[in-house]
Amino acid sequence: MSLTVKTYAQKSYPFTQGLSIRVNVNYNRAALYQDPLAYTMYKGALATPVEGGNIGNNKTDNDPKWTKISADTANKFRIRGGEGTYLYFNYDSPKDQVAILNMNGNSAVFVNGELHMGDPYSFGWMNIVVKLKKGRNDFFARGRMVQGSLSFPDKPVLLDVKDATKPIIVAGTGTDKMKAAIVVINTTAVPLKNLMIVSSLLGKGAGSTLQTIPAYATRKIYFTLDGTAIKTKAMNDCLLTLLQNGKPLDKATLKIESTTKGDKYSETFVSAIDGSLQYYSVAPQVGGQQDGASLFFSVHGAGVEAINQVRAYKSKDWGNLVSPTNRRPRGFNWEDWGRLDAMEVLDIAKREFKPEPQHIYLTGHSMGGHGTWFLGATYPDKWAAIAPCSGYPTLKTYGSADGIIPDTSSTAFGKLLLSASNQSDVPKLALNYKQVGVHILHGDADETVPVAFARQMKQLLAGFHADFQYYEYPGGSHWWSDQAVDWQPIFDMFKRHTIPLDNDINVIDFTTASPGISASNHWATIYQQIIPFQYSRIRLNRDKKLATITGSLDNVELLKLKLAAFPKNKVISVVLDGSSPVKYTTLSDNDSIFLKKADKTWKLVAQPDLHDKGPHRNGTFKDGFNKNMLYVYATGGTEQEKQWSIAKAHYDAESWYYRGNGAFDIISDKEYSKAKYTGRNVVLIGNSSTNAAWKTLLNDCPVNVSNGMVKIGTKQWTGGDLGTYFVWPMAGTSDNTISVIAGTGIEGMNATNANQYFTGGSGFADIMVFRLGMLKEGVGQLVHASFYDNQWKVVQP
């Protein structure tokens, strides 16, 4: 069967005929993944699909077969049931040319062997710039409800406003420095530099210098608006002109909403995570802002925009309600960068609204119900009370579209990787709820998130919690009305609760899975663990009259104690785990001390060097994707390795944009210098043989990846099929890190392509080494996984 269609001088080409096949793929919330079709492709053995054929040559009759499939009248391919479906299309191009691929319903797509991000939630705005060669071009899309088309733009650079990030301006309060963001599509062979956008909003103009747009790529960029002319509630046209060196490239019109004072609105901000533009929404306090009012923090459900979250609430007369975005309506399930977004917005809200520090509350619905359970357990001293609505506690039992976090593994290395997801297991952190009020709300007829999850948490809390409420709404579905979130008994409960002052907290019982995620509870900090990502628990009692602190600790190597409750020149006695008392005389009324466990004895030690692990920089591999991260690709090696390196950076950029509404700078190894990019984390792609920045950034690292070899301390593995992910602290900095994506050859490099690290809740160690065979055989091809010790030294298994 031939799928090839000859096309000439057309503006758009929809895919209407294809082939489908079901293979045993596994992309869960984990570092490991399996994909036999990708494996066969990377081995160079993928046969051109034909009806009745297999994915490779010389296969048995039992192997899955390609089957003919046609799109429906909406040009959508519909395959019912089953996971692991690949669809194949081809396109016969009359010449070498550039096109824009818009495909939705797929989680990824290979275009002539190059991996690109999909649009699994069918938003419709995910446009991928693809290079077509003369003749047949092959498309392998992973998904079951796929719709796709190619378009051929008549301009090389375009503005796309469909996926804008923008404020809702409150009339009369707009400034000349408001920001919005849209996508620029670059179909040219060179990076676009020296760009500017000129915006005009009701006659008020503003010019903004833009970031570089990579060749054959898209990037979401932000620019300045002058909102001072906004005086009424309206949908306002903002005229945009993109220029390069003063020459116009494209124009577009962006709709900017304005509203009246007292109504709900959205505010944008530049995120420290990646330097991109994000937003949060506000239901302002009735009667106007008052310093010292309450702050209600509401986290939304899957598919819900933050502005729609706040619109479900009636504004309150005793505080402001703020909703962060989780980076996207689905984003990261309030874990990983969703958690970071929430904490970033919480800090902004505290500065903006100046609430009473003891009157901050947390609530959310559905995925936001999980976010409430998760953020409430992770940061229990930040909330006076929490109210999860229709939520599930952990991604280990309810995973939504990205699946669940696996519960166990058949190998020790696999189990170690999964331990890095322990922070997601909320029931294991449940004792942290003792210090906050809890109100659980759930409809008893909820078919989306079954009420069994609420009952599970009710039963768990009943065993120890003296201050929680529980209500099942009779006949309530997942969303029965705005009362599914704006439930008066929740706010009545909030009014009765405050966050105690540190000086009034004399008993601490706190558990964390990692100091890099959550380390502190009031005046105590778990600074370092004995075993990384195993649960650490501290139970401390402080007696200010007797000047003593006593307690027991599990899996804690280094503990920090704030002594602000004691005056200057006070002799303090600390007894931990029944060991000999540690005596300390305060030098001021705001001292802190560090105590380290060695040979079952606790001793007073100096503050550790900032190079050591701690809350500021603790690993894992995911740690590098933060602090205005910078991607550095390799320009050395074979032509195939060079192309892989930059394609990998582009695929990650597409994925980060789709999942996290983000953007990051991509530069070559030859462009990188520490001086120019100071203060920024780095994601380095390549190996020590191909990436010239390796010596600059990793000269002191005990992990080395070169052509044909991975060496970790005294251990080494050989072959060209090894892929690695690892993290390393950046020398000369207190908190910057390098996350490395490396392979020993093109097979190993391709093995690292699937960026499972952008999946919320997935667990990665400090170091991970695996062979390409993992894509076919699974965990047995994982050859190494480990964490460094607290001084970043290799721990040999």
# chains A, B, ... in the order shown; residues from 1 in each chain; ligands from 1
$ closest_atom_pairs --of "segment 333-400 of chain A" --to "segment 479-492 of chain A" --cutoff "9 Å" --atoms "only C-alpha atoms" --output "JSON lines"
{"residue": "A:Thr363", "atom": "CA", "partner": "A:Val485", "partner_atom": "CA", "distance": 8.0}
{"residue": "A:Gly364", "atom": "CA", "partner": "A:Val485", "partner_atom": "CA", "distance": 6.9}
{"residue": "A:His365", "atom": "CA", "partner": "A:Val485", "partner_atom": "CA", "distance": 6.4}
{"residue": "A:Ile386", "atom": "CA", "partner": "A:Ile490", "partner_atom": "CA", "distance": 8.7}
{"residue": "A:Ala387", "atom": "CA", "partner": "A:Ile490", "partner_atom": "CA", "distance": 6.6}
{"residue": "A:Pro388", "atom": "CA", "partner": "A:Val485", "partner_atom": "CA", "distance": 8.9}
{"residue": "A:Cys389", "atom": "CA", "partner": "A:Val485", "partner_atom": "CA", "distance": 6.5}
{"residue": "A:Ser390", "atom": "CA", "partner": "A:Ala484", "partner_atom": "CA", "distance": 7.9}
$ write_last_selection --atoms "all heavy atoms" --output "compact mmCIF listing (two decimals), in the first residue's frame"
# COMPACT_ATOMS: atom_id res chain seq x y z
N THR A 363 -5.94 25.90 49.55
CA THR A 363 -7.04 25.05 49.11
C THR A 363 -6.88 24.78 47.62
O THR A 363 -6.03 25.38 46.94
CB THR A 363 -8.40 25.70 49.41
OG1 THR A 363 -9.45 24.78 49.11
CG2 THR A 363 -8.60 26.99 48.62
N GLY A 364 -7.68 23.86 47.10
CA GLY A 364 -7.62 23.54 45.68
C GLY A 364 -8.54 22.39 45.35
O GLY A 364 -9.01 21.66 46.23
N HIS A 365 -8.80 22.21 44.05
CA HIS A 365 -9.79 21.24 43.59
C HIS A 365 -9.17 20.27 42.60
O HIS A 365 -8.39 20.65 41.73
CB HIS A 365 -10.96 21.98 42.92
CG HIS A 365 -12.01 21.07 42.35
ND1 HIS A 365 -12.02 20.69 41.03
CD2 HIS A 365 -13.08 20.44 42.94
CE1 HIS A 365 -13.05 19.90 40.81
NE2 HIS A 365 -13.71 19.73 41.95
N ILE A 386 -5.53 23.94 55.64
CA ILE A 386 -5.63 23.52 54.25
C ILE A 386 -6.99 22.89 54.01
O ILE A 386 -7.62 22.36 54.93
CB ILE A 386 -4.51 22.54 53.85
CG1 ILE A 386 -4.68 21.20 54.58
CG2 ILE A 386 -3.14 23.13 54.13
CD1 ILE A 386 -3.75 20.10 54.08
N ALA A 387 -7.45 22.94 52.73
CA ALA A 387 -8.75 22.36 52.39
C ALA A 387 -8.68 21.72 51.01
O ALA A 387 -8.95 22.36 49.99
CB ALA A 387 -9.83 23.44 52.42
N PRO A 388 -8.31 20.43 50.95
CA PRO A 388 -8.32 19.72 49.66
C PRO A 388 -9.74 19.38 49.25
O PRO A 388 -10.52 18.82 50.04
CB PRO A 388 -7.51 18.46 49.95
CG PRO A 388 -7.61 18.26 51.42
CD PRO A 388 -7.78 19.61 52.05
N CYS A 389 -10.10 19.71 48.01
CA CYS A 389 -11.45 19.47 47.50
C CYS A 389 -11.37 18.49 46.33
O CYS A 389 -10.65 18.74 45.36
CB CYS A 389 -12.10 20.77 47.02
SG CYS A 389 -12.12 22.08 48.25
N SER A 390 -12.08 17.39 46.43
CA SER A 390 -12.16 16.39 45.36
C SER A 390 -10.78 15.99 44.86
O SER A 390 -10.57 15.82 43.66
CB SER A 390 -13.00 16.94 44.19
OG SER A 390 -14.27 17.35 44.65
$ select_by_dssp --residues "segment 369-454 of chain A" --states "strand (DSSP E)" --output "VMD selection string"
chain A and resid 385 to 389 437 to 443
$ closest_residue --among "A:Leu32, A:Ala519, A:Met196, A:Leu277" --to "Ser762 of chain A" --atoms "only C-alpha atoms"
A:Leu32
$ closest_residue --among "A:Gln796, A:Thr635, A:Asn236, A:Asn704" --to "Ile667 of chain A" --atoms "only C-alpha atoms"
A:Thr635
$ residues_around --residues "Asn194 of chain A" --least-positions-apart "6" --cutoff "12 Å" --atoms "only C-alpha atoms" --output "JSON, numbers by chain"
{"A": [208, 209, 210, 211, 212, 213, 242, 243, 244, 245, 246, 247]}
$ residues_around --residues "Ala462 of chain A" --least-positions-apart "6" --cutoff "12 Å" --atoms "only C-alpha atoms" --output "list in words"
Ala430, Leu431, Tyr433, Lys434, Val438, Arg455, Gln456, Phe468, Gln469 and Tyr470 of chain A
$ write_last_selection --atoms "C-alpha atoms" --output "compact mmCIF listing (two decimals), in the first residue's frame"
# COMPACT_ATOMS: atom_id res chain seq x y z
CA ALA A 430 0.72 12.69 56.77
CA LEU A 431 2.00 13.38 60.29
CA TYR A 433 -0.68 17.73 58.96
CA LYS A 434 -0.80 17.69 62.77
CA VAL A 438 -7.67 20.33 57.62
CA ARG A 455 -12.15 8.42 52.76
CA GLN A 456 -8.59 7.06 52.70
CA PHE A 468 -9.82 18.17 60.91
CA GLN A 469 -13.25 18.30 59.32
CA TYR A 470 -14.73 16.02 56.68
$ closest_residue --among "A:Gly292, A:Asp665, A:Gly207, A:Thr188" --to "Arg351 of chain A" --atoms "only C-alpha atoms"
A:Gly292
$ residues_around --residues "Tyr473 of chain A" --least-positions-apart "4" --cutoff "7 Å" --atoms "only C-alpha atoms" --output "number ranges by chain"
A: 442-444
$ residues_around --residues "Gly227 of chain A" --least-positions-apart "5" --cutoff "10 Å" --atoms "only C-alpha atoms" --output "ChimeraX atom specification"
/A:169-179,200-206,256,258
$ select_by_dssp --residues "segment 386-537 of chain A" --states "helix (DSSP H, G or I)" --output "VMD selection string"
chain A and resid 400 to 402 412 to 419 422 to 424 426 to 435 452 to 462 482 to 484 488 to 495 502 to 504
$ residues_around --residues "His616 of chain A" --least-positions-apart "3" --cutoff "9 Å" --atoms "only C-alpha atoms" --output "list in words"
Pro515, Gly516, Leu610, Lys613, Ser734 and Asp735 of chain A
$ write_last_selection --atoms "all heavy atoms" --output "short mmCIF file (atom, residue, chain, number, x, y, z; two decimals), in the first residue's frame"
data_model
loop_
_atom_site.label_atom_id
_atom_site.label_comp_id
_atom_site.auth_asym_id
_atom_site.auth_seq_id
_atom_site.Cartn_x
_atom_site.Cartn_y
_atom_site.Cartn_z
N PRO A 515 15.80 17.25 51.78
CA PRO A 515 16.02 18.67 52.13
C PRO A 515 16.03 19.58 50.92
O PRO A 515 15.78 20.78 51.04
CB PRO A 515 17.40 18.65 52.81
CG PRO A 515 17.61 17.24 53.23
CD PRO A 515 16.91 16.40 52.22
N GLY A 516 16.30 19.03 49.72
CA GLY A 516 16.27 19.84 48.52
C GLY A 516 14.88 20.25 48.11
O GLY A 516 14.70 21.14 47.28
N LEU A 610 29.28 25.86 51.65
CA LEU A 610 28.14 25.92 50.72
C LEU A 610 28.32 24.97 49.53
O LEU A 610 27.36 24.69 48.81
CB LEU A 610 27.92 27.35 50.23
CG LEU A 610 27.28 28.29 51.25
CD1 LEU A 610 27.24 29.71 50.71
CD2 LEU A 610 25.88 27.82 51.62
N LYS A 613 26.24 19.44 50.02
CA LYS A 613 24.79 19.34 49.82
C LYS A 613 24.06 20.00 50.98
O LYS A 613 24.53 20.02 52.11
CB LYS A 613 24.36 17.87 49.72
CG LYS A 613 24.64 17.22 48.38
CD LYS A 613 23.97 15.85 48.27
CE LYS A 613 24.13 15.26 46.88
NZ LYS A 613 23.43 13.96 46.74
N SER A 734 27.60 28.97 44.85
CA SER A 734 27.02 28.40 46.06
C SER A 734 25.80 27.55 45.79
O SER A 734 25.44 26.70 46.61
CB SER A 734 26.66 29.52 47.04
OG SER A 734 25.68 30.38 46.46
N ASP A 735 25.14 27.76 44.63
CA ASP A 735 23.90 27.01 44.42
C ASP A 735 23.61 26.65 42.98
O ASP A 735 22.55 26.10 42.69
CB ASP A 735 22.72 27.79 45.00
CG ASP A 735 22.52 29.14 44.32
OD1 ASP A 735 23.35 29.53 43.48
OD2 ASP A 735 21.52 29.81 44.64
#
$ closest_residue --among "A:Ala653, A:Ile549, A:Leu249, A:Ala141" --to "Thr218 of chain A" --atoms "only C-alpha atoms"
A:Ala653
$ closest_residue --among "A:Met749, A:Val769, A:Ile666, A:Val507" --to "Lys711 of chain A" --atoms "only C-alpha atoms"
A:Val769
$ closest_atom_pairs --of "segment 320-399 of chain A" --to "segment 754-761 of chain A" --cutoff "10 Å" --atoms "only C-alpha atoms" --output "CSV"
residue,atom,partner,partner_atom,distance
A:Arg330,CA,A:Gly760,CA,9.9
A:Gly331,CA,A:Gly760,CA,7.7
A:Phe332,CA,A:Gly760,CA,4.4
A:Asn333,CA,A:Gly760,CA,6.1
A:Trp334,CA,A:Gly760,CA,7.8
A:Glu335,CA,A:Gly760,CA,5.8
A:Asp336,CA,A:Gly760,CA,6.0
A:Trp337,CA,A:Gly760,CA,7.9
A:Gly338,CA,A:Gly760,CA,8.1
A:Arg339,CA,A:Gly760,CA,9.8
A:Thr394,CA,A:Gly761,CA,9.5
A:Leu395,CA,A:Gly761,CA,7.2
A:Lys396,CA,A:Gly761,CA,9.0
A:Gly399,CA,A:Gly761,CA,9.4
$ write_last_selection --atoms "all heavy atoms" --output "CSV table (one decimal), in the first residue's frame"
chain,number,residue,atom,x,y,z
A,330,ARG,N,-2.4,21.9,32.9
A,330,ARG,CA,-2.1,20.6,33.4
A,330,ARG,C,-0.7,20.5,34.0
A,330,ARG,O,-0.5,20.0,35.1
A,330,ARG,CB,-2.2,19.5,32.2
A,330,ARG,CG,-3.7,19.4,31.8
A,330,ARG,CD,-3.9,18.3,30.8
A,330,ARG,NE,-5.2,18.2,30.4
A,330,ARG,CZ,-6.1,17.4,31.0
A,330,ARG,NH1,-5.8,16.6,32.0
A,330,ARG,NH2,-7.4,17.3,30.5
A,331,GLY,N,0.3,21.0,33.3
A,331,GLY,CA,1.6,21.2,33.9
A,331,GLY,C,2.2,20.0,34.6
A,331,GLY,O,2.4,19.0,34.0
A,332,PHE,N,2.5,20.2,35.9
A,332,PHE,CA,3.3,19.2,36.6
A,332,PHE,C,2.6,18.7,37.8
A,332,PHE,O,3.2,18.2,38.8
A,332,PHE,CB,4.7,19.8,37.0
A,332,PHE,CG,5.4,20.4,35.8
A,332,PHE,CD1,5.4,21.8,35.6
A,332,PHE,CD2,6.1,19.6,35.0
A,332,PHE,CE1,6.1,22.3,34.5
A,332,PHE,CE2,6.8,20.1,33.9
A,332,PHE,CZ,6.8,21.5,33.7
A,333,ASN,N,1.3,18.7,37.9
A,333,ASN,CA,0.5,18.2,39.0
A,333,ASN,C,0.9,18.8,40.3
A,333,ASN,O,0.7,18.2,41.4
A,333,ASN,CB,0.6,16.7,39.1
A,333,ASN,CG,0.3,16.0,37.8
A,333,ASN,OD1,1.1,15.9,36.9
A,333,ASN,ND2,-1.0,15.5,37.7
A,334,TRP,N,1.4,20.1,40.3
A,334,TRP,CA,1.8,20.8,41.5
A,334,TRP,C,3.0,20.2,42.1
A,334,TRP,O,3.4,20.6,43.2
A,334,TRP,CB,0.7,21.0,42.5
A,334,TRP,CG,-0.5,21.7,41.9
A,334,TRP,CD1,-1.7,21.3,41.5
A,334,TRP,CD2,-0.4,23.1,41.6
A,334,TRP,NE1,-2.4,22.3,40.9
A,334,TRP,CE2,-1.7,23.4,41.0
A,334,TRP,CE3,0.5,24.2,41.7
A,334,TRP,CZ2,-2.0,24.7,40.5
A,334,TRP,CZ3,0.2,25.4,41.3
A,334,TRP,CH2,-1.1,25.7,40.7
A,335,GLU,N,3.7,19.3,41.4
A,335,GLU,CA,5.0,18.8,41.9
A,335,GLU,C,6.1,19.4,41.0
A,335,GLU,O,5.8,20.0,40.0
A,335,GLU,CB,5.0,17.3,41.8
A,335,GLU,CG,3.9,16.7,42.7
A,335,GLU,CD,4.1,15.3,43.2
A,335,GLU,OE1,5.2,14.8,43.2
A,335,GLU,OE2,3.1,14.6,43.5
A,336,ASP,N,7.4,19.1,41.3
A,336,ASP,CA,8.5,19.6,40.6
A,336,ASP,C,8.3,21.1,40.3
A,336,ASP,O,8.3,21.9,41.2
A,336,ASP,CB,8.6,18.8,39.3
A,336,ASP,CG,9.0,17.3,39.6
A,336,ASP,OD1,9.9,17.1,40.3
A,336,ASP,OD2,8.2,16.4,39.1
A,337,TRP,N,8.2,21.5,39.0
A,337,TRP,CA,8.2,22.9,38.6
A,337,TRP,C,6.8,23.5,38.9
A,337,TRP,O,6.7,24.7,39.1
A,337,TRP,CB,8.6,23.1,37.2
A,337,TRP,CG,10.0,22.6,37.0
A,337,TRP,CD1,11.1,23.3,37.2
A,337,TRP,CD2,10.4,21.3,36.5
A,337,TRP,NE1,12.2,22.5,36.9
A,337,TRP,CE2,11.8,21.3,36.5
A,337,TRP,CE3,9.7,20.2,36.1
A,337,TRP,CZ2,12.5,20.1,36.1
A,337,TRP,CZ3,10.4,19.1,35.7
A,337,TRP,CH2,11.8,19.1,35.7
A,338,GLY,N,5.8,22.7,39.1
A,338,GLY,CA,4.5,23.2,39.6
A,338,GLY,C,4.6,23.6,41.0
A,338,GLY,O,4.1,24.7,41.4
A,339,ARG,N,5.4,22.9,41.8
A,339,ARG,CA,5.7,23.3,43.2
A,339,ARG,C,6.5,24.5,43.2
A,339,ARG,O,6.2,25.5,44.0
A,339,ARG,CB,6.4,22.1,43.9
A,339,ARG,CG,7.0,22.5,45.2
A,339,ARG,CD,7.8,21.3,45.8
A,339,ARG,NE,8.9,20.9,45.0
A,339,ARG,CZ,10.2,21.4,45.0
A,339,ARG,NH1,10.4,22.4,45.9
A,339,ARG,NH2,11.1,21.0,44.2
A,394,THR,N,-1.9,11.1,46.2
A,394,THR,CA,-0.5,10.8,45.6
A,394,THR,C,-0.6,10.3,44.2
A,394,THR,O,-1.6,9.7,43.8
A,394,THR,CB,0.2,9.7,46.5
A,394,THR,OG1,1.4,9.3,45.8
A,394,THR,CG2,-0.7,8.5,46.6
A,395,LEU,N,0.5,10.6,43.4
A,395,LEU,CA,0.6,10.2,42.0
A,395,LEU,C,0.9,8.7,41.9
A,395,LEU,O,1.1,8.2,40.8
A,395,LEU,CB,1.6,11.0,41.3
A,395,LEU,CG,1.3,12.5,41.1
A,395,LEU,CD1,2.5,13.3,40.6
A,395,LEU,CD2,0.1,12.7,40.2
A,396,LYS,N,1.1,8.1,43.1
A,396,LYS,CA,1.4,6.6,43.1
A,396,LYS,C,0.1,5.8,42.9
A,396,LYS,O,0.2,4.6,42.7
A,396,LYS,CB,2.1,6.2,44.3
A,396,LYS,CG,3.6,6.7,44.3
A,396,LYS,CD,4.4,6.1,45.5
A,396,LYS,CE,5.9,6.5,45.3
A,396,LYS,NZ,6.7,5.8,46.3
A,399,GLY,N,-2.7,8.9,38.6
A,399,GLY,CA,-1.7,9.6,37.8
A,399,GLY,C,-2.2,10.4,36.7
A,399,GLY,O,-1.4,11.1,36.0
$ decode --residues "segment 263-287 of chain A" --atoms "N, CA and C atoms" --output "PDB file, in the first residue's frame"
ATOM      1  N   ASP A 263     -12.858  43.622  40.409  1.00  0.00           N
ATOM      2  CA  ASP A 263     -13.107  42.377  39.692  1.00  0.00           C
ATOM      3  C   ASP A 263     -11.854  41.506  39.702  1.00  0.00           C
ATOM      4  N   LYS A 264     -12.020  40.239  39.306  1.00  0.00           N
ATOM      5  CA  LYS A 264     -10.869  39.337  39.235  1.00  0.00           C
ATOM      6  C   LYS A 264      -9.956  39.748  38.087  1.00  0.00           C
ATOM      7  N   TYR A 265      -8.664  39.517  38.274  1.00  0.00           N
ATOM      8  CA  TYR A 265      -7.703  39.918  37.253  1.00  0.00           C
ATOM      9  C   TYR A 265      -6.495  38.990  37.268  1.00  0.00           C
ATOM     10  N   SER A 266      -5.629  39.132  36.271  1.00  0.00           N
ATOM     11  CA  SER A 266      -4.389  38.363  36.183  1.00  0.00           C
ATOM     12  C   SER A 266      -3.200  39.297  36.107  1.00  0.00           C
ATOM     13  N   GLU A 267      -2.108  38.868  36.705  1.00  0.00           N
ATOM     14  CA  GLU A 267      -0.853  39.626  36.714  1.00  0.00           C
ATOM     15  C   GLU A 267       0.251  38.727  36.172  1.00  0.00           C
ATOM     16  N   THR A 268       1.160  39.278  35.377  1.00  0.00           N
ATOM     17  CA  THR A 268       2.267  38.498  34.836  1.00  0.00           C
ATOM     18  C   THR A 268       3.554  38.825  35.580  1.00  0.00           C
ATOM     19  N   PHE A 269       4.503  37.893  35.501  1.00  0.00           N
ATOM     20  CA  PHE A 269       5.807  38.100  36.130  1.00  0.00           C
ATOM     21  C   PHE A 269       6.848  37.259  35.394  1.00  0.00           C
ATOM     22  N   VAL A 270       8.095  37.674  35.480  1.00  0.00           N
ATOM     23  CA  VAL A 270       9.200  36.924  34.877  1.00  0.00           C
ATOM     24  C   VAL A 270       9.700  35.926  35.912  1.00  0.00           C
ATOM     25  N   SER A 271       9.674  34.661  35.560  1.00  0.00           N
ATOM     26  CA  SER A 271      10.024  33.594  36.493  1.00  0.00           C
ATOM     27  C   SER A 271      11.537  33.419  36.592  1.00  0.00           C
ATOM     28  N   ALA A 272      12.009  33.211  37.819  1.00  0.00           N
ATOM     29  CA  ALA A 272      13.427  32.939  38.049  1.00  0.00           C
ATOM     30  C   ALA A 272      13.799  31.526  37.629  1.00  0.00           C
ATOM     31  N   ILE A 273      12.830  30.664  37.374  1.00  0.00           N
ATOM     32  CA  ILE A 273      13.127  29.284  36.990  1.00  0.00           C
ATOM     33  C   ILE A 273      13.810  29.240  35.636  1.00  0.00           C
ATOM     34  N   ASP A 274      13.261  29.990  34.665  1.00  0.00           N
ATOM     35  CA  ASP A 274      13.804  29.937  33.307  1.00  0.00           C
ATOM     36  C   ASP A 274      13.817  31.286  32.603  1.00  0.00           C
ATOM     37  N   GLY A 275      13.396  32.341  33.284  1.00  0.00           N
ATOM     38  CA  GLY A 275      13.376  33.652  32.650  1.00  0.00           C
ATOM     39  C   GLY A 275      12.202  33.858  31.715  1.00  0.00           C
ATOM     40  N   SER A 276      11.190  32.996  31.785  1.00  0.00           N
ATOM     41  CA  SER A 276      10.011  33.135  30.935  1.00  0.00           C
ATOM     42  C   SER A 276       8.925  33.913  31.667  1.00  0.00           C
ATOM     43  N   LEU A 277       7.871  34.273  30.923  1.00  0.00           N
ATOM     44  CA  LEU A 277       6.759  35.018  31.517  1.00  0.00           C
ATOM     45  C   LEU A 277       5.672  34.050  31.976  1.00  0.00           C
ATOM     46  N   GLN A 278       5.243  34.205  33.217  1.00  0.00           N
ATOM     47  CA  GLN A 278       4.160  33.409  33.789  1.00  0.00           C
ATOM     48  C   GLN A 278       3.094  34.359  34.342  1.00  0.00           C
ATOM     49  N   TYR A 279       1.990  33.796  34.816  1.00  0.00           N
ATOM     50  CA  TYR A 279       0.959  34.653  35.383  1.00  0.00           C
ATOM     51  C   TYR A 279       0.332  34.011  36.611  1.00  0.00           C
ATOM     52  N   TYR A 280      -0.331  34.808  37.388  1.00  0.00           N
ATOM     53  CA  TYR A 280      -1.186  34.329  38.470  1.00  0.00           C
ATOM     54  C   TYR A 280      -2.446  35.182  38.454  1.00  0.00           C
ATOM     55  N   SER A 281      -3.494  34.683  39.091  1.00  0.00           N
ATOM     56  CA  SER A 281      -4.765  35.402  39.086  1.00  0.00           C
ATOM     57  C   SER A 281      -5.206  35.727  40.503  1.00  0.00           C
ATOM     58  N   VAL A 282      -6.044  36.765  40.613  1.00  0.00           N
ATOM     59  CA  VAL A 282      -6.404  37.309  41.914  1.00  0.00           C
ATOM     60  C   VAL A 282      -7.901  37.579  41.980  1.00  0.00           C
ATOM     61  N   ALA A 283      -8.512  37.138  43.072  1.00  0.00           N
ATOM     62  CA  ALA A 283      -9.840  37.623  43.470  1.00  0.00           C
ATOM     63  C   ALA A 283      -9.598  38.616  44.594  1.00  0.00           C
ATOM     64  N   PRO A 284      -9.609  39.919  44.291  1.00  0.00           N
ATOM     65  CA  PRO A 284      -9.179  40.899  45.289  1.00  0.00           C
ATOM     66  C   PRO A 284     -10.170  41.031  46.442  1.00  0.00           C
ATOM     67  N   GLN A 285      -9.645  41.484  47.542  1.00  0.00           N
ATOM     68  CA  GLN A 285     -10.450  41.670  48.744  1.00  0.00           C
ATOM     69  C   GLN A 285     -11.563  42.692  48.495  1.00  0.00           C
ATOM     70  N   VAL A 286     -12.766  42.371  48.966  1.00  0.00           N
ATOM     71  CA  VAL A 286     -13.882  43.308  48.860  1.00  0.00           C
ATOM     72  C   VAL A 286     -13.539  44.584  49.629  1.00  0.00           C
ATOM     73  N   GLY A 287     -13.776  45.720  48.976  1.00  0.00           N
ATOM     74  CA  GLY A 287     -13.498  46.993  49.621  1.00  0.00           C
ATOM     75  C   GLY A 287     -12.091  47.492  49.421  1.00  0.00           C
TER      76      GLY A 287
END
